[in-house]
Protein chains: 2
Amino acid sequence: MNVARHSYITHLEAAIDGTEFEPGSIQTTHGGRPLWVRYDLERIAREVDREVLRSRPATLWRYEELLPLETGQEIVTLGERTTPLLPCPALGRKLGVPRLQIKDESLLPTGSFKSRGQALAVTMAKHFGVRRLAIPTAGNAGGAMAAYAARAGLEAFVFMPRDTPSINRFECLLAGAKTRLVDGLIGDCGRIVRERSEEMGWFDLSTLKEPYRLEGKKTMGLELAEQLGWHLPDVIIYPTGGGTGLIGMWKAFQELKAVGWLDSKTMPRMVAAQSDGCCPIVDAFERGERFAETHVAPATIATGLRVPSAIGDFMILDALHESQGRAVKVEEKRILPYMKKAVAAEGLAICPETATCLIAAEMLATSGWIHPDEHVVIFNTGTAQKYPEVLSSDLLQLERPEKQVNGTRR
Amino acid sequence: MNVARHSYITHLEAAIDGTEFEPGSIQTTHGGRPLWVRYDLERIAREVDREVLRSRPATLWRYEELLPLETGQEIVTLGERTTPLLPCPALGRKLGVPRLQIKDESLLPTGSFKSRGQALAVTMAKHFGVRRLAIPTAGNAGGAMAAYAARAGLEAFVFMPRDTPSINRFECLLAGAKTRLVDGLIGDCGRIVRERSEEMGWFDLSTLKEPYRLEGKKTMGLELAEQLGWHLPDVIIYPTGGGTGLIGMWKAFQELKAVGWLDSKTMPRMVAAQSDGCCPIVDAFERGERFAETHVAPATIATGLRVPSAIGDFMILDALHESQGRAVKVEEKRILPYMKKAVAAEGLAICPETATCLIAAEMLATSGWIHPDEHVVIFNTGTAQKYPEVLSSDLLQLERPEKQVNGTRR
């Protein structure tokens with residue numbers, strides 16, 4: 001498929017107060033808060049049988065009725081494919097969640113789940129005539145944006161904290177993006193983009209600052225539902241930085257329910273996992289608040305979780321409450337050991353962000369909140385190979401000069 | 001699919017002299033040279049319609065009739081999916097091959113095409129009761145083997161040159177493989193594995209030292225044919241180190257022809273691309289010889305091509321001759337500039353090895369050996385993100401402190 005065949009989009013809707021906007025032109029936020037993309041779900045329910053999916057390629061574009069593309073619209077693609085949902089019984093048994101499955105998003109272009117959002121956002125921005133894209137990033141979103149912008153023939157400007165993993169810097173530079181290191185955090189990068197966008201002619205692709213990255217991330221939920229034969233799992237644990245994936249999945253499940261494609265009677269409990277080095281959502285959840293306070297002095301090796309303030313905080317917290325889920329913080333010092341344990345147990349390239357979910361799973365199983373019979377799905381949001389700085393000091397001591405090999409015999 | 005449903009394997013056959021072996025037990029080489037896996041192609045032609053593929057998942061396992069699995073055999077999988085075949089018109093026009101397509105193997109587990117071979121090799125080794133695997137590697141094969149071994153619950157021992165990219169070292173260590181750095185080249189690593197295998201109880205997964213990695217790599221050709229609607233391209237350019245992929249694809253095309261699945265009347269011309277820093281196959285081709293001499297003092301940033309001596313040299317050269325193809329060496333110093341040009345043009349994470357193919361394409365187009373109307377397919381064998389050492393010095397000068405951003409306005 002190179003063009004969309006259907007368009008069921010009706011309008012955009014401000015998440016904070018329901019104000020409606022036309023979908024046919026470029027849109028950003030309302031009152032500084034995100035917009036939802038809304039579809040004519042009743043018409044989809046009448047006109048579209050889920051069986052139509054069977055004949056379509058295994059990509060995120062197969063869910064075209066639930067995507068914001070206009071009829072005949074060209075898409076920007078790097079060959080993103082449906083990601084595998086892998087049973088991980090060896091790891092699951094260690095953690096007390098034997099029915100664990102991991103959906104491995106590291107197999108997407110640029111090695112992370114950020115490709116889903118950028119594929120949609122860049123496709124829509126190009127469609128609306130945008131020529132220059134800008135993004136503040138903790139790392140992987142910038143790499144994905146740079147790659148999709150190159151594919152689309154658009155200019156890209158990426159702002160990232162100076163201590164972002166080197167591979168994120170390299171992938172942006174390689175793709176031809178103007179890449180700037182900022183002495184600060186992702187919020188400082190975001191401020192630069194905001195302040196200079198008008199002067200520079202940038203369109204701001206920040207998390208939830210335009211409505212379509214969310215629709216891309218939503219496809220994680222659509223794929224998961226289809227892969228499970230339209231039966232959702234009991235619990236989903238998701239590493240939560242900006243939270244677009246969690247918000248997007250919860251939106252996906254509501255839409256699937258509305259169009260009648262789900263066979264599940266119940267919805268999964270959604271769990272947001274964060275490091276105690278940066279846990280604004282957990283703090284808000286524990287205080288019973290709908291809006292989060294900025295986490296002061298955030299510090300975690302899980303760079304994707306180093307988001308001290310999320311514009312979609314209330315959307316994340318709403319999803320946790322509506323799903324009867326929760327937010328869990330894990331000890332920063334446990335992240336690297338669990339990452340290593342997970343890769344060695346299953347061979348999957350588990351990233352530090354995902355390691356927080358594994359720790360959370362074990363905590364929730366130990367406390368009884370997750371029952372051993374329950375089906376738990378965790379998302380591996382990026383590939384471990386993109387974190388050499390995290391790994392180097394710890395792993396290199398394992399290497400031995402070749403001549404000592406004989407000593408290793410067991 | 002978790003188990004194979006069919007088995008059409010008949011025997012193994014020594015590539016050097018046709019000696020036959022039973023397929024039902026572990027096998028290595030004959031006379032130090034590789035074995036082919038042979039199938040009852042006549043029976044497949046009679047019994048299997050290619051349309052059967054339509055209902056199967058988009059993974060390399062879908063070609064089960066042409067794979068060595070026994071009926072009911074469990075497979076070792078990390079969720080490897082059919083890789084995308086992407087039109088690259090912007091890059092193709094720059095190179096004089098406007099009908100260029102790139103098959104992006106970087107989207108496989110561990111970020112490289114090596115996953116195909118290791119998925120099959122580890123699956124078969126486990127099936128035959130092997131517990132300890134060893135491999136000499138230029139980098140990516142070790143990473144893939146370590147990951148599949150972890151998934152299979154087998155012990156892994158990896159030997160790599162000391163200057164192998166750090167990410168390959170990290171991915172092996174993370175997956176729990178015993179990882180050893182060797183002061184030497186892949187051949188030196190191979191000698192260590194050979195000499196100690198008996199003592200250590202290792203099964204040697206070196207390139208073409210067992211028959212099943214080749215069958216995994218063969219799936220590149222099977223996928224390509226199916227993706228092109230059973231019409232093969234005019235030219236395939238392949239970055240050639242050990243050459244398993246090129247040999248495997250050529251085998252795939254012969255098998256597809258024999259079972260009657262191909263609609264193509266002609267076969268593609270197969271081109272082996274190498275750096276002039278390590279080009280034993282090109283040298284042998286130019287001398288008209290069937291066996292290659294060891295390349296002395298090989299040096300290339302394309303670490304996957306740093307294979308001075310290939311056990312399957314005659315199989316590569318046979319495929320080049322039978323296909324009316326050729327071997328092309330490119331200037332080492334052009335690799336990095338073409339890698340950058342390619343990523344910036346299309347957003348794909350092109351690796352240095354693949355850059356040699358792009359340079360070769362341009363040379364062959366310029367010389368008239370490739371006509372502008374011809375359909376050219378190049379394989380991106382790994383992700384650019386795995387080569388930080390190659391990129392760092394060259395790219396970091398492009399980064400500017402954030403405060404200079406205003407000066408970049410054009």
# chains A, B, ... in the order shown; residues from 1 in each chain; ligands from 1
>>> select_by_dssp(residues="region 5-170 of chain B", states="strand (DSSP E or B)", output="ChimeraX atom specification")
/B:9-14,20-21,30,33,35-39,74,85-87,100-104,112,132-136,155-161
>>> select_by_dssp(residues="region 76-312 of chain A", states="helix (DSSP H, G or I)", output="PyMOL selection string")
chain A and resi 89-95+105-107+109-111+114-127+140-152+166-174+186-200+212-227+244-258+280-287+303-305
>>> residues_around(residues="Leu185 (chain B)", least_positions_apart="3", cutoff="9 Å", atoms="only C-alpha atoms", output="PyMOL selection string")
chain B and resi 137-138+160-162+182+188-190+298+306-308
>>> write_last_selection(atoms="C-alpha atoms", output="PDB file, in the first residue's frame")
ATOM      1  CA  THR B 137      33.135 -13.299  14.021  1.00  0.00           C
ATOM      2  CA  ALA B 138      33.841  -9.964  12.412  1.00  0.00           C
ATOM      3  CA  MET B 160      36.265 -11.469  17.695  1.00  0.00           C
ATOM      4  CA  PRO B 161      39.151  -9.216  16.659  1.00  0.00           C
ATOM      5  CA  ARG B 162      40.095  -6.729  19.366  1.00  0.00           C
ATOM      6  CA  VAL B 182      41.649 -11.720  19.852  1.00  0.00           C
ATOM      7  CA  ASP B 188      42.793 -16.102  13.832  1.00  0.00           C
ATOM      8  CA  CYS B 189      39.539 -16.295  15.769  1.00  0.00           C
ATOM      9  CA  GLY B 190      38.481 -19.208  13.588  1.00  0.00           C
ATOM     10  CA  PRO B 298      43.116  -6.523   5.112  1.00  0.00           C
ATOM     11  CA  ARG B 306      37.166  -7.920   6.607  1.00  0.00           C
ATOM     12  CA  VAL B 307      37.279 -11.583   5.627  1.00  0.00           C
ATOM     13  CA  PRO B 308      40.630 -12.219   3.941  1.00  0.00           C
TER      14      PRO B 308
END
>>> closest_residue(among="B:Glu22, B:Glu65, B:Glu70, B:Glu171", to="chain A", atoms="only C-alpha atoms")
B:Glu171
>>> interface_residues(of="chain B", to="chain A", cutoff="7 Å", atoms="only C-alpha atoms", output="PyMOL selection string")
chain B and resi 78-79+84+86+107-109+147-148+150-151+167+170-171+173-176+179-182+200+340+343-348+385+388+391+395+399-402+409
>>> closest_residue(among="A:Leu317, A:Ile335, A:Ile378, A:Ile301", to="Arg287 (chain A)", atoms="only C-alpha atoms")
A:Leu317
>>> atom_distance(atom1="CA of Leu358 (chain B)", atom2="CA of Pro337 (chain B)")
10.9 Å
>>> closest_residue(among="B:Val328, B:Leu214, B:Leu100, B:Val37", to="Ala121 (chain B)", atoms="only C-alpha atoms")
B:Leu214
>>> closest_atom_pairs(of="region 47-107 of chain B", to="region 255-278 of chain B", cutoff="12 Å", atoms="only C-alpha atoms", output="tab-separated table")
residue	atom	partner	partner_atom	distance
B:Glu47	CA	B:Val259	CA	9.6
B:Val48	CA	B:Val259	CA	8.4
B:Asp49	CA	B:Trp261	CA	7.8
B:Arg50	CA	B:Trp261	CA	6.1
B:Glu51	CA	B:Trp261	CA	9.4
B:Val52	CA	B:Trp261	CA	11.4
B:Leu53	CA	B:Trp261	CA	11.3
B:Tyr63	CA	B:Leu256	CA	10.8
B:Glu65	CA	B:Val259	CA	10.5
B:Leu66	CA	B:Glu255	CA	8.1
B:Leu67	CA	B:Glu255	CA	11.2
>>> write_last_selection(atoms="N, CA and C atoms", output="compact mmCIF listing (two decimals), in the first residue's frame")
# COMPACT_ATOMS: atom_id res chain seq x y z
N GLU B 47 3.65 -31.08 -5.15
CA GLU B 47 2.75 -31.03 -3.99
C GLU B 47 2.44 -29.63 -3.48
N VAL B 48 3.30 -28.65 -3.77
CA VAL B 48 3.16 -27.35 -3.11
C VAL B 48 2.96 -26.23 -4.12
N ASP B 49 1.84 -25.55 -3.98
CA ASP B 49 1.57 -24.37 -4.80
C ASP B 49 2.07 -23.15 -4.03
N ARG B 50 2.70 -22.22 -4.73
CA ARG B 50 3.24 -21.05 -4.03
C ARG B 50 2.15 -20.24 -3.35
N GLU B 51 0.92 -20.42 -3.77
CA GLU B 51 -0.19 -19.68 -3.16
C GLU B 51 -0.37 -20.04 -1.68
N VAL B 52 0.18 -21.19 -1.28
CA VAL B 52 0.07 -21.60 0.12
C VAL B 52 0.71 -20.57 1.05
N LEU B 53 1.65 -19.80 0.52
CA LEU B 53 2.36 -18.82 1.35
C LEU B 53 1.46 -17.71 1.86
N TYR B 63 8.71 -20.22 4.44
CA TYR B 63 9.18 -21.03 3.31
C TYR B 63 9.56 -22.43 3.78
N GLU B 65 8.82 -25.46 3.31
CA GLU B 65 9.11 -26.59 2.41
C GLU B 65 10.56 -26.54 1.91
N LEU B 66 11.13 -25.34 1.87
CA LEU B 66 12.50 -25.17 1.39
C LEU B 66 13.47 -24.92 2.54
N LEU B 67 13.07 -25.33 3.73
CA LEU B 67 13.95 -25.21 4.89
C LEU B 67 14.22 -26.60 5.47
>>> residues_around(residues="region 217-222 of chain B", least_positions_apart="5", cutoff="10 Å", atoms="only C-alpha atoms", output="number ranges by chain")
B: 59-63, 66-67, 82-83, 103, 105, 113-120, 212, 227, 230, 232, 243-253, 255-256, 379
>>> residues_around(residues="His375 (chain A)", least_positions_apart="4", cutoff="7 Å", atoms="only C-alpha atoms", output="number ranges by chain")
A: 99-100, 233-235
>>> atom_distance(atom1="CA of Ile316 (chain B)", atom2="CA of Thr19 (chain B)")
19.6 Å
>>> atom_distance(atom1="CA of Arg46 (chain A)", atom2="CA of Phe21 (chain A)")
24.9 Å
>>> closest_residue(among="A:Glu331, A:Val377, A:Glu210, A:Ile75", to="Ala225 (chain A)", atoms="only C-alpha atoms")
A:Val377
